[in-house]
Each structure stands twice: as structure tokens, then as C-alpha cells.
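Enquirer: File run.cif below, mmCIF, C-alpha atoms:
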data_my_file
loop_
_atom_site.group_PDB
_atom_site.id
_atom_site.type_symbol
_atom_site.label_atom_id
_atom_site.label_comp_id
_atom_site.auth_asym_id
_atom_site.auth_seq_id
_atom_site.Cartn_x
_atom_site.Cartn_y
_atom_site.Cartn_z
ATOM 1 C CA MET A 1 -7.058 129.328 -9.601
ATOM 2 C CA PRO A 2 -3.441 130.161 -9.625
ATOM 3 C CA ARG A 3 -1.125 127.366 -9.269
ATOM 4 C CA LYS A 4 1.590 127.240 -6.614
ATOM 5 C CA PRO A 5 5.045 127.182 -7.892
ATOM 6 C CA GLU A 6 6.671 123.902 -7.236
ATOM 7 C CA LEU A 7 9.725 123.768 -5.133
ATOM 8 C CA PRO A 8 12.746 122.022 -6.446
ATOM 9 C CA GLU A 9 13.194 118.584 -5.045
ATOM 10 C CA LEU A 10 15.729 118.391 -2.270
ATOM 11 C CA LYS A 11 18.231 115.601 -1.902
ATOM 12 C CA GLY A 12 20.341 114.202 0.873
ATOM 13 C CA ARG A 13 20.619 116.016 4.099
ATOM 14 C CA ALA A 14 18.379 118.909 3.044
ATOM 15 C CA ALA A 15 15.596 116.442 2.234
ATOM 16 C CA ARG A 16 15.775 114.881 5.675
ATOM 17 C CA LEU A 17 15.622 118.327 7.340
ATOM 18 C CA ALA A 18 12.733 119.387 5.107
ATOM 19 C CA ARG A 19 10.733 116.366 6.240
ATOM 20 C CA LEU A 20 11.165 117.422 9.884
ATOM 21 C CA PHE A 21 9.684 120.890 9.177
ATOM 22 C CA PRO A 22 6.652 120.636 6.958
ATOM 23 C CA ALA A 23 6.271 123.685 4.702
ATOM 24 C CA GLY A 24 2.488 123.979 4.805
ATOM 25 C CA ARG A 25 2.122 124.133 8.564
ATOM 26 C CA ALA A 26 4.785 126.757 9.333
ATOM 27 C CA LYS A 27 2.227 129.447 10.256
ATOM 28 C CA ALA A 28 0.268 127.060 12.420
ATOM 29 C CA ALA A 29 3.421 125.984 14.306
ATOM 30 C CA ARG A 30 4.404 129.598 15.086
ATOM 31 C CA THR A 31 1.129 130.540 16.806
ATOM 32 C CA PRO A 32 1.505 128.235 19.858
ATOM 33 C CA PHE A 33 5.142 129.294 20.241
ATOM 34 C CA VAL A 34 4.267 132.997 20.243
ATOM 35 C CA LEU A 35 1.395 132.315 22.629
ATOM 36 C CA LEU A 36 3.738 130.395 24.942
ATOM 37 C CA VAL A 37 6.296 133.224 24.932
ATOM 38 C CA VAL A 38 3.584 135.822 25.674
ATOM 39 C CA LEU A 39 2.225 133.706 28.531
ATOM 40 C CA LEU A 40 5.705 133.223 30.007
ATOM 41 C CA LEU A 41 6.459 136.941 29.832
ATOM 42 C CA GLY A 42 3.058 137.844 31.324
ATOM 43 C CA GLY A 43 3.461 135.271 34.102
ATOM 44 C CA GLY A 44 6.930 136.593 34.876
ATOM 45 C CA LEU A 45 5.655 140.166 35.069
ATOM 46 C CA ILE A 46 2.764 139.149 37.315
ATOM 47 C CA GLY A 47 5.189 137.172 39.516
ATOM 48 C CA LEU A 48 7.457 140.221 39.816
ATOM 49 C CA LEU A 49 4.462 142.390 40.717
ATOM 50 C CA VAL A 50 3.377 139.964 43.465
ATOM 51 C CA LEU A 51 6.941 139.726 44.794
ATOM 52 C CA ASN A 52 7.319 143.507 44.799
ATOM 53 C CA SER A 53 4.047 144.024 46.671
ATOM 54 C CA ALA A 54 4.994 141.347 49.234
ATOM 55 C CA LEU A 55 8.346 143.050 49.828
ATOM 56 C CA SER A 56 6.624 146.421 50.199
ATOM 57 C CA GLU A 57 4.171 144.971 52.713
ATOM 58 C CA GLY A 58 7.062 143.446 54.650
ATOM 59 C CA SER A 59 8.929 146.754 54.723
ATOM 60 C CA PHE A 60 5.806 148.530 56.045
ATOM 61 C CA LYS A 61 5.454 145.917 58.787
ATOM 62 C CA LEU A 62 9.148 146.275 59.607
ATOM 63 C CA ALA A 63 8.824 150.066 59.864
ATOM 64 C CA ASP A 64 5.780 149.706 62.155
ATOM 65 C CA LEU A 65 7.602 147.202 64.383
ATOM 66 C CA GLN A 66 10.680 149.426 64.569
ATOM 67 C CA LYS A 67 8.493 152.380 65.558
ATOM 68 C CA ARG A 68 6.737 150.275 68.203
ATOM 69 C CA THR A 69 10.096 149.040 69.504
ATOM 70 C CA GLN A 70 11.340 152.617 69.779
ATOM 71 C CA ASN A 71 8.191 153.661 71.679
ATOM 72 C CA LEU A 72 8.522 150.725 74.071
ATOM 73 C CA THR A 73 12.217 151.494 74.591
ATOM 74 C CA ASP A 74 11.368 155.105 75.407
ATOM 75 C CA GLU A 75 8.679 153.951 77.842
ATOM 76 C CA GLU A 76 11.091 151.502 79.483
ATOM 77 C CA GLN A 77 13.688 154.257 79.920
ATOM 78 C CA ALA A 78 11.079 156.594 81.437
ATOM 79 C CA LEU A 79 10.002 153.870 83.873
ATOM 80 C CA GLN A 80 13.636 153.159 84.754
ATOM 81 C CA ARG A 81 14.184 156.863 85.484
ATOM 82 C CA THR A 82 11.100 156.822 87.734
ATOM 83 C CA ILE A 83 12.414 153.750 89.572
ATOM 84 C CA ASP A 84 15.811 155.406 89.971
ATOM 85 C CA ALA A 85 14.151 158.544 91.365
ATOM 86 C CA TYR A 86 12.165 156.504 93.912
ATOM 87 C CA SER A 87 15.182 154.433 94.942
ATOM 88 C CA ALA A 88 17.528 157.375 95.477
ATOM 89 C CA PRO A 89 18.699 157.591 99.102
ATOM 90 C CA ASP A 90 17.125 160.999 99.777
ATOM 91 C CA ALA A 91 13.795 159.871 98.290
ATOM 92 C CA LEU A 92 13.859 156.715 100.404
ATOM 93 C CA GLU A 93 14.604 158.734 103.526
ATOM 94 C CA ARG A 94 11.811 161.199 102.773
ATOM 95 C CA ARG A 95 9.332 158.358 102.135
ATOM 96 C CA ALA A 96 10.399 156.589 105.340
ATOM 97 C CA HIS A 97 9.757 159.788 107.319
ATOM 98 C CA GLU A 98 6.349 160.110 105.660
ATOM 99 C CA LEU A 99 5.529 156.564 106.794
ATOM 100 C CA GLY A 100 6.570 157.346 110.363
ATOM 101 C CA MET A 101 9.858 155.463 110.370
ATOM 102 C CA VAL A 102 12.736 156.736 112.485
ATOM 103 C CA PRO A 103 16.477 156.183 112.091
ATOM 104 C CA GLY A 104 17.768 153.164 113.953
ATOM 105 C CA GLY A 105 19.979 153.375 117.002
ATOM 106 C CA ASP A 106 23.412 151.927 117.477
ATOM 107 C CA PRO A 107 23.646 148.397 116.059
ATOM 108 C CA ALA A 108 24.945 145.297 117.791
ATOM 109 C CA PHE A 109 26.813 142.574 115.940
ATOM 110 C CA LEU A 110 26.678 138.828 116.432
ATOM 111 C CA ASP A 111 29.998 137.039 116.099
ATOM 112 C CA PRO A 112 30.178 133.563 114.539
ATOM 113 C CA ASN A 113 30.823 132.056 117.962
ATOM 114 C CA GLY A 114 27.532 133.489 119.268
ATOM 115 C CA THR A 115 28.775 136.442 121.334
ATOM 116 C CA VAL A 116 27.238 139.850 120.909
ATOM 117 C CA ARG A 117 29.568 142.740 120.116
ATOM 118 C CA GLY A 118 28.458 146.254 120.898
ATOM 119 C CA VAL A 119 25.512 147.635 122.813
ATOM 120 C CA PRO A 120 22.351 148.126 120.780
ATOM 121 C CA GLY A 121 20.745 151.530 121.109
ATOM 122 C CA ALA A 122 17.073 152.301 120.797
ATOM 123 C CA ALA A 123 15.713 154.384 117.948
ATOM 124 C CA THR A 124 14.542 157.799 119.053
ATOM 125 C CA PRO A 125 11.331 159.076 117.491
ATOM 126 C CA GLU A 126 12.077 162.634 118.684
ATOM 127 C CA ALA A 127 14.907 162.951 116.192
ATOM 128 C CA ALA A 128 12.648 162.183 113.251
ATOM 129 C CA VAL A 129 10.365 164.751 111.700
ATOM 130 C CA LEU A 130 6.928 163.205 111.379
ATOM 131 C CA GLU A 131 4.936 164.944 108.689
ATOM 132 C CA GLY A 132 2.978 162.016 107.330
ATOM 133 C CA PRO A 133 0.747 159.448 109.005
ATOM 134 C CA PRO A 134 1.101 158.819 112.735
ATOM 135 C CA ALA A 135 3.681 156.457 114.113
ATOM 136 C CA PRO A 136 2.554 152.840 114.589
ATOM 137 C CA GLU A 137 2.696 153.179 118.394
ATOM 138 C CA ALA A 138 0.081 155.937 118.223
ATOM 139 C CA LEU A 139 -2.400 153.821 116.274
ATOM 140 C CA ASP A 140 -5.243 152.001 118.038
ATOM 141 C CA LEU A 141 -4.623 148.365 117.138
ATOM 142 C CA THR A 142 -7.580 146.806 118.963
ATOM 143 C CA PRO A 143 -9.479 144.553 116.589
ATOM 144 C CA PRO A 144 -13.113 145.276 115.761
ATOM 145 C CA PRO A 145 -15.726 143.118 117.496
ATOM 146 C CA GLY A 146 -15.922 139.595 116.141
ATOM 147 C CA LEU A 147 -12.277 139.341 115.016
ATOM 148 C CA PRO A 148 -9.608 137.510 117.014
ATOM 149 C CA ALA A 149 -6.965 139.512 118.847
ATOM 150 C CA PRO A 150 -3.617 139.926 117.106
ATOM 151 C CA PRO A 151 -0.749 137.773 118.386
ATOM 152 C CA THR A 152 1.415 139.271 121.071
ATOM 153 C CA PRO A 153 4.763 140.514 119.816
ATOM 154 C CA VAL A 154 7.878 138.567 120.726
ATOM 155 C CA THR A 155 10.248 140.566 122.880
ATOM 156 C CA GLY A 156 13.976 140.668 122.367
ATOM 157 C CA ALA A 157 14.612 138.297 125.304
ATOM 158 C CA GLN A 158 12.272 135.591 123.937
ATOM 159 C CA ARG A 159 12.314 133.873 120.621
ATOM 160 C CA PRO A 160 10.340 130.959 119.266
ATOM 161 C CA ALA A 161 12.175 127.661 119.038
ATOM 162 C CA PRO A 162 12.802 126.353 115.555
ATOM 163 C CA PHE A 163 10.666 123.525 114.215
ATOM 164 C CA GLY A 164 7.946 123.747 116.847
ATOM 165 C CA GLY A 165 10.073 122.987 119.943
ATOM 166 C CA THR A 166 9.833 124.805 123.254
ATOM 167 C CA SER A 167 10.783 128.435 123.363
ATOM 168 C CA ALA A 168 14.158 129.462 124.703
ATOM 169 C CA THR A 169 15.479 132.738 125.913
ATOM 170 C CA ALA A 170 18.188 134.529 124.026
ATOM 171 C CA PRO A 171 21.488 135.084 125.769
ATOM 172 C CA ALA A 172 21.612 138.420 127.498
ATOM 173 C CA ALA A 173 23.692 141.096 125.878
ATOM 174 C CA SER A 174 26.756 142.020 127.813
ATOM 175 C CA THR A 175 26.489 145.300 129.632
ATOM 176 C CA THR A 176 30.128 146.134 129.220
ATOM 177 C CA PRO A 177 30.773 148.154 126.120
ATOM 178 C CA GLN A 178 32.847 146.352 123.572
ATOM 179 C CA SER A 179 34.567 147.798 120.588
ATOM 180 C CA ALA A 180 32.541 147.748 117.414
ATOM 181 C CA PRO A 181 34.050 145.971 114.449
ATOM 182 C CA THR A 182 36.095 148.153 112.191
ATOM 183 C CA PRO A 183 34.505 148.724 108.807
ATOM 184 C CA THR A 184 36.270 147.196 105.855
ATOM 185 C CA PRO A 185 37.121 149.519 102.992
ATOM 186 C CA GLY A 186 34.917 149.300 99.947
ATOM 187 C CA ARG A 187 31.713 148.382 101.747
#
Go ahead and render the structure in this file as C-alpha cells.
Expert:
Amino acid sequence: MPRKPELPELKGRAARLARLFPAGRAKAARTPFVLLVVLLLGGGLIGLLVLNSALSEGSFKLADLQKRTQNLTDEEQALQRTIDAYSAPDALERRAHELGMVPGGDPAFLDPNGTVRGVPGAATPEAAVLEGPPAPEALDLTPPPGLPAPPTPVTGAQRPAPFGGTSATAPAASTTPQSAPTPTPGR
């Protein structure tokens, strides 16, 4: 068997350092270190892969939510356009005529002191063009057998008293024509 060459004996500081690192176990000490470095690098790569896939999944969800938001915004705008079309003055007038409504007559105004200004005029159904359902006056409103009769309508001269008191009659409108209030600009 060949004999190992003997190392020269170290003295002083070199001897103390040589005792900290044994010469025979140098290969054995490197293996765990290399294994630790490989595991750290592999763990780092796997961590980066997981992080990258999580970010990709988040970006796909974000794109889907942005697309859904855009679709809902488009739908909201379409519904708003429909509402605007139904609430336009000419559309309201046309729908009112279809329902049998007629334009109102001359209005009367109630002053803060309780006096009536102006002479109210009745609405005239002849002026309206009725193309839709019949006017409410033309409908037969008698209830079917077994149901109670509808309440009688309150006329303009009578009104119910507030909070369950006795009924009172409204003050009669003056028969003399009074000047209507002047409209204020901007209204």
C-alpha cells in the first residue's frame, strides 16, 4: 500500500487554522454545502414559477373583469338612451294620447293667503286625438257581482277634512276674471 506523504508540521497561526478545517473530511464537508446551494436555487426557481403563474392568473381575471365592466357600461348606456327616448316630451305626449289623456285647460293658482287667482278651464277631449284605448269616462266601471262598489269621487266643491274631522266645503272660486301671475324667467 502506498504511503501518504506527510505534510509539514504547521506552527502558530497556520496550525490553529488547520485545526479548524480538518484535511481528511474536506470532501465530506463540501457535499452538504453543494446540496444546500442546489436546493436553494431550485426552491428559488420554483418560487419564481409559482409567483409568475399567480400574476398571470391575476392578469387574466383583471382582463375578464375589465371586459365585463365594459359590457355592463355599454348596457347601462343603452338603457339610459331608452329612458331618454321614453321621457322626451314628444314621446310623453304621444303615450298620453294613447292612454286617452287630454291636455289640461286653463290653470288656477292659489295664493299664500288662500285666494284663488284665475279661472280654471275644463279639459276638452275633442281637441285630443284618441287612437289608443277608450277614455276613462267611456269605460263601464260597475263592479262585478260580489265585489263592493267603488267609492264615490270627491267633487271640487267638497274635500275631506284632515285627520278624520268633518268635511268642509272649499271656498268658491271667484267668477270675476283675475290676471294670471306673470311667469318668471328661467322657469
Enquirer: Report the distance between atom CA of Thr124 of chain A and atom CA of Leu110 of chain A in Å, rounded to one decimal place.
Expert: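 For atom CA of Thr124 of chain A relative to atom CA of Leu110 of chain A, the distance reads 22.7 Å.
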Enquirer: Separation of atom CA of Ala108 of chain A and atom CA of Gly121 of chain A, in Å?
Expert: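 One can read the atom CA of Ala108 of chain A to atom CA of Gly121 of chain A distance as 8.2 Å.
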Enquirer: Using Å and a single decimal, report how far atom CA of Leu41 of chain A sits from atom CA of Ala29 of chain A.
Expert: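 These atoms are spaced 19.2 Å apart.
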Enquirer: Could you put an axis-aligned box around every listed atom of segment 98-111 of chain A, padded by 4 Å on each side, and send me its centre and edge lengths in Å to one decimal, as JSON?
Expert:
{"center_x": 17.8, "center_y": 148.6, "center_z": 111.7, "size_x": 32.5, "size_y": 31.1, "size_z": 20.1}
Enquirer: Quick one: residues within 10 Å of Arg95 of chain A, all atoms listed in the file counted, chain neighbours fewer than 5 positions away excluded, as a PyMOL selection string?
Expert: chain A and resi 86+89-90+100-101+132
Enquirer: Restrict the selected residues to C-alpha atoms and save them as a JSON list (two decimals), in the coordinates of the input.
Expert:
[["chain", "number", "residue", "atom", "x", "y", "z"],
["A", 86, "TYR", "CA", 12.16, 156.50, 93.91],
["A", 89, "PRO", "CA", 18.70, 157.59, 99.10],
["A", 90, "ASP", "CA", 17.12, 161.00, 99.78],
["A", 100, "GLY", "CA", 6.57, 157.35, 110.36],
["A", 101, "MET", "CA", 9.86, 155.46, 110.37],
["A", 132, "GLY", "CA", 2.98, 162.02, 107.33]]
Enquirer: Calculated over all atoms listed in the file, which of the candidates A:Thr69, A:Val34, A:Arg81, A:Asp106 has the smallest distance to Val119 of chain A?
Expert: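 Once distances to Val119 of chain A are computed over all atoms listed in the file, the minimum belongs to A:Asp106.
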